[in-house]
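Structure file model-v9.cif (mmCIF, C-alpha atoms and all ligand atoms; chains and numbers go by the auth columns) follows.
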data_run
loop_
_atom_site.group_PDB
_atom_site.id
_atom_site.type_symbol
_atom_site.label_atom_id
_atom_site.label_comp_id
_atom_site.label_asym_id
_atom_site.label_seq_id
_atom_site.Cartn_x
_atom_site.Cartn_y
_atom_site.Cartn_z
_atom_site.B_iso_or_equiv
_atom_site.auth_seq_id
_atom_site.auth_asym_id
ATOM 1 C CA MET A 1 0.000 0.000 0.000 0.00 1 A
ATOM 2 C CA PHE A 2 0.916 3.671 -0.327 0.00 2 A
ATOM 3 C CA CYS A 3 1.364 6.078 2.574 0.00 3 A
ATOM 4 C CA PRO A 4 -1.648 8.474 2.495 0.00 4 A
ATOM 5 C CA LYS A 5 0.507 11.308 3.856 0.00 5 A
ATOM 6 C CA CYS A 6 3.760 11.261 1.862 0.00 6 A
ATOM 7 C CA GLY A 7 2.869 8.754 -0.868 0.00 7 A
ATOM 8 C CA LYS A 8 5.776 6.322 -0.321 0.00 8 A
ATOM 9 C CA ALA A 9 4.997 2.988 -1.926 0.00 9 A
ATOM 10 C CA ASP A 10 5.438 -0.608 -0.726 0.00 10 A
ATOM 11 C CA GLN A 11 4.239 -0.168 2.861 0.00 11 A
ATOM 12 C CA THR A 12 2.939 -2.670 5.408 0.00 12 A
ATOM 13 C CA PRO A 13 -0.556 -1.953 6.768 0.00 13 A
ATOM 14 C CA GLU A 14 -0.954 -1.497 10.555 0.00 14 A
ATOM 15 C CA SER A 15 2.574 -0.148 10.899 0.00 15 A
ATOM 16 C CA TYR A 16 4.345 3.201 10.609 0.00 16 A
ATOM 17 C CA CYS A 17 5.493 4.753 7.325 0.00 17 A
ATOM 18 C CA ARG A 18 9.221 4.217 6.762 0.00 18 A
ATOM 19 C CA GLN A 19 9.573 7.717 5.343 0.00 19 A
ATOM 20 C CA CYS A 20 7.388 10.050 7.407 0.00 20 A
ATOM 21 C CA GLY A 21 6.334 7.949 10.430 0.00 21 A
ATOM 22 C CA PHE A 22 2.601 8.321 9.753 0.00 22 A
ATOM 23 C CA TYR A 23 0.496 5.438 11.136 0.00 23 A
ATOM 24 C CA LEU A 24 -0.878 3.281 8.301 0.00 24 A
ATOM 25 C CA PRO A 25 -4.186 1.627 9.211 0.00 25 A
ATOM 26 C CA ASP A 26 -5.339 -1.595 7.554 0.00 26 A
ATOM 27 C CA LEU A 27 -8.103 -0.123 5.386 0.00 27 A
ATOM 28 C CA SER A 28 -9.418 -3.520 4.304 0.00 28 A
ATOM 29 C CA LYS A 29 -10.053 -4.385 7.963 0.00 29 A
ATOM 30 C CA SER A 30 -11.742 -1.255 9.309 0.00 30 A
ATOM 31 C CA LEU A 31 -14.908 -0.785 7.283 0.00 31 A
ATOM 32 C CA LYS A 32 -16.608 0.871 10.259 0.00 32 A
ATOM 33 C CA ARG A 33 -15.622 4.535 10.333 0.00 33 A
ATOM 34 C CA VAL A 34 -14.277 5.814 13.646 0.00 34 A
ATOM 35 C CA SER A 35 -15.206 9.453 14.161 0.00 35 A
ATOM 36 C CA PRO A 36 -12.386 11.737 15.335 0.00 36 A
ATOM 37 C CA PRO A 37 -12.550 13.411 18.792 0.00 37 A
ATOM 38 C CA GLU A 38 -13.309 16.794 17.197 0.00 38 A
ATOM 39 C CA GLU A 39 -16.663 15.457 15.969 0.00 39 A
ATOM 40 C CA HIS A 40 -17.599 14.162 19.430 0.00 40 A
ATOM 41 C CA LEU A 41 -16.775 17.545 20.943 0.00 41 A
ATOM 42 C CA LYS A 42 -18.866 19.322 18.329 0.00 42 A
ATOM 43 C CA ALA A 43 -21.851 16.984 18.881 0.00 43 A
ATOM 44 C CA ASN A 44 -21.518 17.423 22.661 0.00 44 A
ATOM 45 C CA THR A 45 -21.617 21.213 22.332 0.00 45 A
ATOM 46 C CA VAL A 46 -24.721 21.158 20.143 0.00 46 A
ATOM 47 C CA LEU A 47 -26.547 18.651 22.402 0.00 47 A
ATOM 48 C CA SER A 48 -25.697 20.608 25.545 0.00 48 A
ATOM 49 C CA VAL A 49 -26.954 23.885 24.067 0.00 49 A
ATOM 50 C CA MET A 50 -30.172 22.200 22.915 0.00 50 A
ATOM 51 C CA THR A 51 -30.767 20.645 26.345 0.00 51 A
ATOM 52 C CA ILE A 52 -30.101 23.963 28.126 0.00 52 A
ATOM 53 C CA VAL A 53 -32.544 25.845 25.885 0.00 53 A
ATOM 54 C CA ALA A 54 -35.239 23.130 26.107 0.00 54 A
ATOM 55 C CA SER A 55 -35.089 22.637 29.878 0.00 55 A
ATOM 56 C CA PHE A 56 -35.052 26.356 30.731 0.00 56 A
ATOM 57 C CA THR A 57 -37.878 27.108 28.274 0.00 57 A
ATOM 58 C CA LEU A 58 -40.030 24.261 29.663 0.00 58 A
ATOM 59 C CA SER A 59 -39.491 25.250 33.287 0.00 59 A
ATOM 60 C CA PHE A 60 -40.202 28.898 32.440 0.00 60 A
ATOM 61 C CA PHE A 61 -43.528 27.947 30.827 0.00 61 A
ATOM 62 C CA LEU A 62 -44.419 25.643 33.732 0.00 62 A
ATOM 63 C CA PHE A 63 -43.979 28.521 36.174 0.00 63 A
ATOM 64 C CA LEU A 64 -45.715 30.996 33.853 0.00 64 A
ATOM 65 C CA VAL A 65 -48.756 28.891 32.909 0.00 65 A
ATOM 66 C CA LEU A 66 -49.299 26.647 35.944 0.00 66 A
ATOM 67 C CA GLY A 67 -47.235 28.145 38.757 0.00 67 A
ATOM 68 C CA PHE A 68 -48.190 30.440 41.646 0.00 68 A
ATOM 69 C CA ARG A 69 -51.940 29.797 41.434 0.00 69 A
ATOM 70 C CA SER A 70 -54.297 28.626 44.138 0.00 70 A
ATOM 71 C CA PHE A 71 -54.749 25.256 42.367 0.00 71 A
ATOM 72 C CA THR A 72 -51.031 24.649 41.607 0.00 72 A
ATOM 73 C CA HIS A 73 -50.028 21.102 42.496 0.00 73 A
ATOM 74 C CA PRO A 74 -46.625 20.711 44.266 0.00 74 A
ATOM 75 C CA LEU A 75 -45.509 18.327 41.489 0.00 75 A
ATOM 76 C CA ILE A 76 -45.468 21.306 39.086 0.00 76 A
ATOM 77 C CA TYR A 77 -42.753 22.924 41.202 0.00 77 A
ATOM 78 C CA VAL A 78 -40.854 19.637 41.505 0.00 78 A
ATOM 79 C CA THR A 79 -40.921 19.156 37.720 0.00 79 A
ATOM 80 C CA ALA A 80 -39.885 22.751 37.033 0.00 80 A
ATOM 81 C CA GLY A 81 -37.102 22.395 39.624 0.00 81 A
ATOM 82 C CA ILE A 82 -35.802 19.201 37.987 0.00 82 A
ATOM 83 C CA LEU A 83 -35.821 20.945 34.599 0.00 83 A
ATOM 84 C CA LEU A 84 -33.847 23.874 36.037 0.00 84 A
ATOM 85 C CA ALA A 85 -31.329 21.466 37.610 0.00 85 A
ATOM 86 C CA MET A 86 -30.981 19.654 34.288 0.00 86 A
ATOM 87 C CA GLY A 87 -30.327 22.950 32.503 0.00 87 A
ATOM 88 C CA GLY A 88 -27.757 23.907 35.133 0.00 88 A
ATOM 89 C CA TRP A 89 -26.019 20.553 34.846 0.00 89 A
ATOM 90 C CA HIS A 90 -25.762 20.968 31.083 0.00 90 A
ATOM 91 C CA ILE A 91 -24.318 24.467 31.466 0.00 91 A
ATOM 92 C CA GLN A 92 -21.349 22.987 33.332 0.00 92 A
ATOM 93 C CA THR A 93 -21.112 20.204 30.711 0.00 93 A
ATOM 94 C CA LEU A 94 -21.025 22.856 27.988 0.00 94 A
ATOM 95 C CA ILE A 95 -18.306 24.825 29.815 0.00 95 A
ATOM 96 C CA ARG A 96 -16.207 21.663 30.221 0.00 96 A
ATOM 97 C CA THR A 97 -16.682 20.734 26.547 0.00 97 A
ATOM 98 C CA LEU A 98 -15.614 24.218 25.456 0.00 98 A
ATOM 99 C CA MET A 99 -12.528 23.995 27.703 0.00 99 A
ATOM 100 C CA LEU A 100 -11.687 20.575 26.244 0.00 100 A
ATOM 101 C CA LYS A 101 -12.168 21.933 22.716 0.00 101 A
ATOM 102 C CA LYS A 102 -9.691 24.734 23.470 0.00 102 A
ATOM 103 C CA GLN A 103 -7.144 22.266 24.882 0.00 103 A
ATOM 104 C CA TRP A 104 -7.619 19.959 21.908 0.00 104 A
ATOM 105 C CA LYS A 105 -6.859 22.785 19.477 0.00 105 A
ATOM 106 C CA GLN A 106 -3.679 23.698 21.392 0.00 106 A
ATOM 107 C CA ARG A 107 -2.298 20.135 21.525 0.00 107 A
ATOM 108 C CA VAL A 108 0.903 19.222 19.685 0.00 108 A
ATOM 109 C CA PRO A 109 0.392 16.581 16.953 0.00 109 A
ATOM 110 C CA LEU A 110 2.076 13.224 17.627 0.00 110 A
ATOM 111 C CA ASN A 111 4.342 13.446 14.562 0.00 111 A
ATOM 112 C CA GLU A 112 5.809 16.740 15.823 0.00 112 A
ATOM 113 C CA VAL A 113 6.432 15.210 19.273 0.00 113 A
ATOM 114 C CA GLN A 114 8.319 12.275 17.701 0.00 114 A
ATOM 115 C CA ALA A 115 10.380 14.588 15.528 0.00 115 A
ATOM 116 C CA ALA A 116 11.219 16.806 18.517 0.00 116 A
ATOM 117 C CA THR A 117 12.327 13.910 20.755 0.00 117 A
ATOM 118 C CA THR A 118 14.242 11.706 18.296 0.00 118 A
ATOM 119 C CA GLY A 119 15.250 14.318 15.727 0.00 119 A
ATOM 120 C CA LYS A 120 15.138 11.694 12.999 0.00 120 A
ATOM 121 C CA LEU A 121 13.271 8.579 11.971 0.00 121 A
ATOM 122 C CA LEU A 122 14.640 5.094 12.553 0.00 122 A
ATOM 123 C CA ASP A 123 16.887 3.503 9.927 0.00 123 A
ATOM 124 C CA GLN A 124 15.650 0.495 8.050 0.00 124 A
ATOM 125 C CA ALA A 125 16.467 -2.859 9.672 0.00 125 A
ATOM 126 C CA ASP A 126 19.743 -4.474 8.557 0.00 126 A
ATOM 127 C CA PHE A 127 19.552 -8.277 8.307 0.00 127 A
ATOM 128 C CA SER A 128 22.901 -8.753 6.532 0.00 128 A
ATOM 129 C CA ASP A 129 24.656 -10.116 9.649 0.00 129 A
ATOM 130 C CA ALA A 130 21.708 -12.247 10.826 0.00 130 A
ATOM 131 C CA ILE A 131 22.308 -15.994 11.286 0.00 131 A
ATOM 132 C CA PRO A 132 20.505 -18.047 8.586 0.00 132 A
ATOM 133 C CA VAL A 133 17.636 -20.315 9.677 0.00 133 A
ATOM 134 C CA SER A 134 19.478 -23.438 8.435 0.00 134 A
ATOM 135 C CA VAL A 135 22.258 -22.807 10.980 0.00 135 A
ATOM 136 C CA THR A 136 19.959 -22.190 13.957 0.00 136 A
ATOM 137 C CA GLU A 137 17.892 -25.308 13.119 0.00 137 A
ATOM 138 C CA HIS A 138 21.007 -27.436 13.071 0.00 138 A
ATOM 139 C CA THR A 139 22.215 -26.004 16.396 0.00 139 A
ATOM 140 C CA THR A 140 18.939 -26.601 18.240 0.00 140 A
ATOM 141 C CA ARG A 141 18.741 -30.191 16.936 0.00 141 A
ATOM 142 C CA HIS A 142 22.280 -30.701 18.133 0.00 142 A
ATOM 143 C CA LEU A 143 21.362 -29.326 21.578 0.00 143 A
ATOM 144 C CA SER A 144 18.563 -31.849 22.077 0.00 144 A
ATOM 145 C CA GLU A 145 20.983 -34.670 21.143 0.00 145 A
ATOM 146 C CA THR A 146 23.507 -33.595 23.779 0.00 146 A
ATOM 147 C CA ARG A 147 20.845 -33.266 26.494 0.00 147 A
ATOM 148 C CA GLN A 148 19.505 -36.811 26.084 0.00 148 A
ATOM 149 C CA PRO A 149 22.453 -38.759 27.468 0.00 149 A
ATOM 150 C CA LYS A 150 22.416 -36.514 30.546 0.00 150 A
ATOM 151 C CA SER A 151 18.848 -37.589 31.403 0.00 151 A
ATOM 152 C CA ARG A 152 19.774 -41.248 31.179 0.00 152 A
ATOM 153 C CA VAL A 153 22.359 -40.868 33.970 0.00 153 A
HETATM 154 ZN ZN ZN B . 4.679 8.459 4.717 0.00 201 A
#

Just give me the structure as structure tokens.
Ligand SMILES: [Zn+2]
Amino acid sequence: MFCPKCGKADQTPESYCRQCGFYLPDLSKSLKRVSPPEEHLKANTVLSVMTIVASFTLSFFLFLVLGFRSFTHPLIYVTAGILLAMGGWHIQTLIRTLMLKKQWKQRVPLNEVQAATTGKLLDQADFSDAIPVSVTEHTTRHLSETRQPKSRV
């Protein structure tokens, strides 16, 4: 496969690019799309704002239409109170989401961190001085032959 960032050919999926260090996902495996954190933050902001508006509007109308009358049932106040608490809870959720959004924008991308700490990318592996498989197979077979007489004693 090709690296989607720098375009270097002949890459192994589910590893890092040999040229730029970009993570290469196995695209044939992951058909289900994973949404990035930015999208979750955006959805959270929208949902919080909607909940705040809805709960405060509903509690306002409960007080306005049914509240403070001679026939007002106590449950009206309980419901309006719960709605106000819900709105308040979502205000703090919205504040936290906005703070997280700000932090997320300020973060340093992983590639820049790697470049800053190592200064360069790793060299390609050198297998020229590796022992051939035929030699290691012979050695291990030889080892089992030498161990056997010891067990007989
Ligand atoms: Zn690359």

Exercise. Enumerate as a list of chain:residue names the residues within 7 Å of ligand ZN 201 (chain A), counting all atoms listed in the file.
Key: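 With all atoms listed in the file and a cut-off of 7 Å, ligand ZN 201 (chain A) is contacted by A:Cys3, A:Pro4, A:Lys5, A:Cys6, A:Gly7, A:Lys8, A:Cys17, A:Arg18, A:Gln19, A:Cys20, A:Gly21, A:Phe22.
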
Applied to this file, what does the PyMOL selection byres (((chain A and resi 42-55) around 7) and not hetatm) return in terms of residues, put as a compact mmCIF listing (two decimals) with C-alpha atoms, in the coordinates of the input?
# COMPACT_ATOMS: atom_id res chain seq x y z
CA GLU A 38 -13.31 16.79 17.20
CA GLU A 39 -16.66 15.46 15.97
CA HIS A 40 -17.60 14.16 19.43
CA LEU A 41 -16.77 17.55 20.94
CA PHE A 56 -35.05 26.36 30.73
CA THR A 57 -37.88 27.11 28.27
CA LEU A 58 -40.03 24.26 29.66
CA SER A 59 -39.49 25.25 33.29
CA LEU A 83 -35.82 20.94 34.60
CA LEU A 84 -33.85 23.87 36.04
CA MET A 86 -30.98 19.65 34.29
CA GLY A 87 -30.33 22.95 32.50
CA HIS A 90 -25.76 20.97 31.08
CA ILE A 91 -24.32 24.47 31.47
CA THR A 93 -21.11 20.20 30.71
CA LEU A 94 -21.02 22.86 27.99
CA THR A 97 -16.68 20.73 26.55

Self-check item: Å distance separating atom CA of Lys102 of chain A from atom CA of Tyr16 of chain A, one decimal place
Solution: 28.7 Å

Quiz prompt | Using all atoms listed in the file: which of A:Pro37, A:Pro13, A:Gly81, A:Pro109 has the shortest distance to Phe60 of chain A | solution =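 Once distances to Phe60 of chain A are computed over all atoms listed in the file, the minimum belongs to A:Gly81.
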
Quiz item: Interatomic distance between atom CA of Val65 of chain A and atom CA of Gln92 of chain A?
Solution: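 Value for the atom CA of Val65 of chain A-atom CA of Gln92 of chain A distance: 28.0 Å.
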
Self-check item: Point-to-point distance in Å for atom CA of Phe61 of chain A and atom CA of Ile82 of chain A
Solution: 13.7 Å
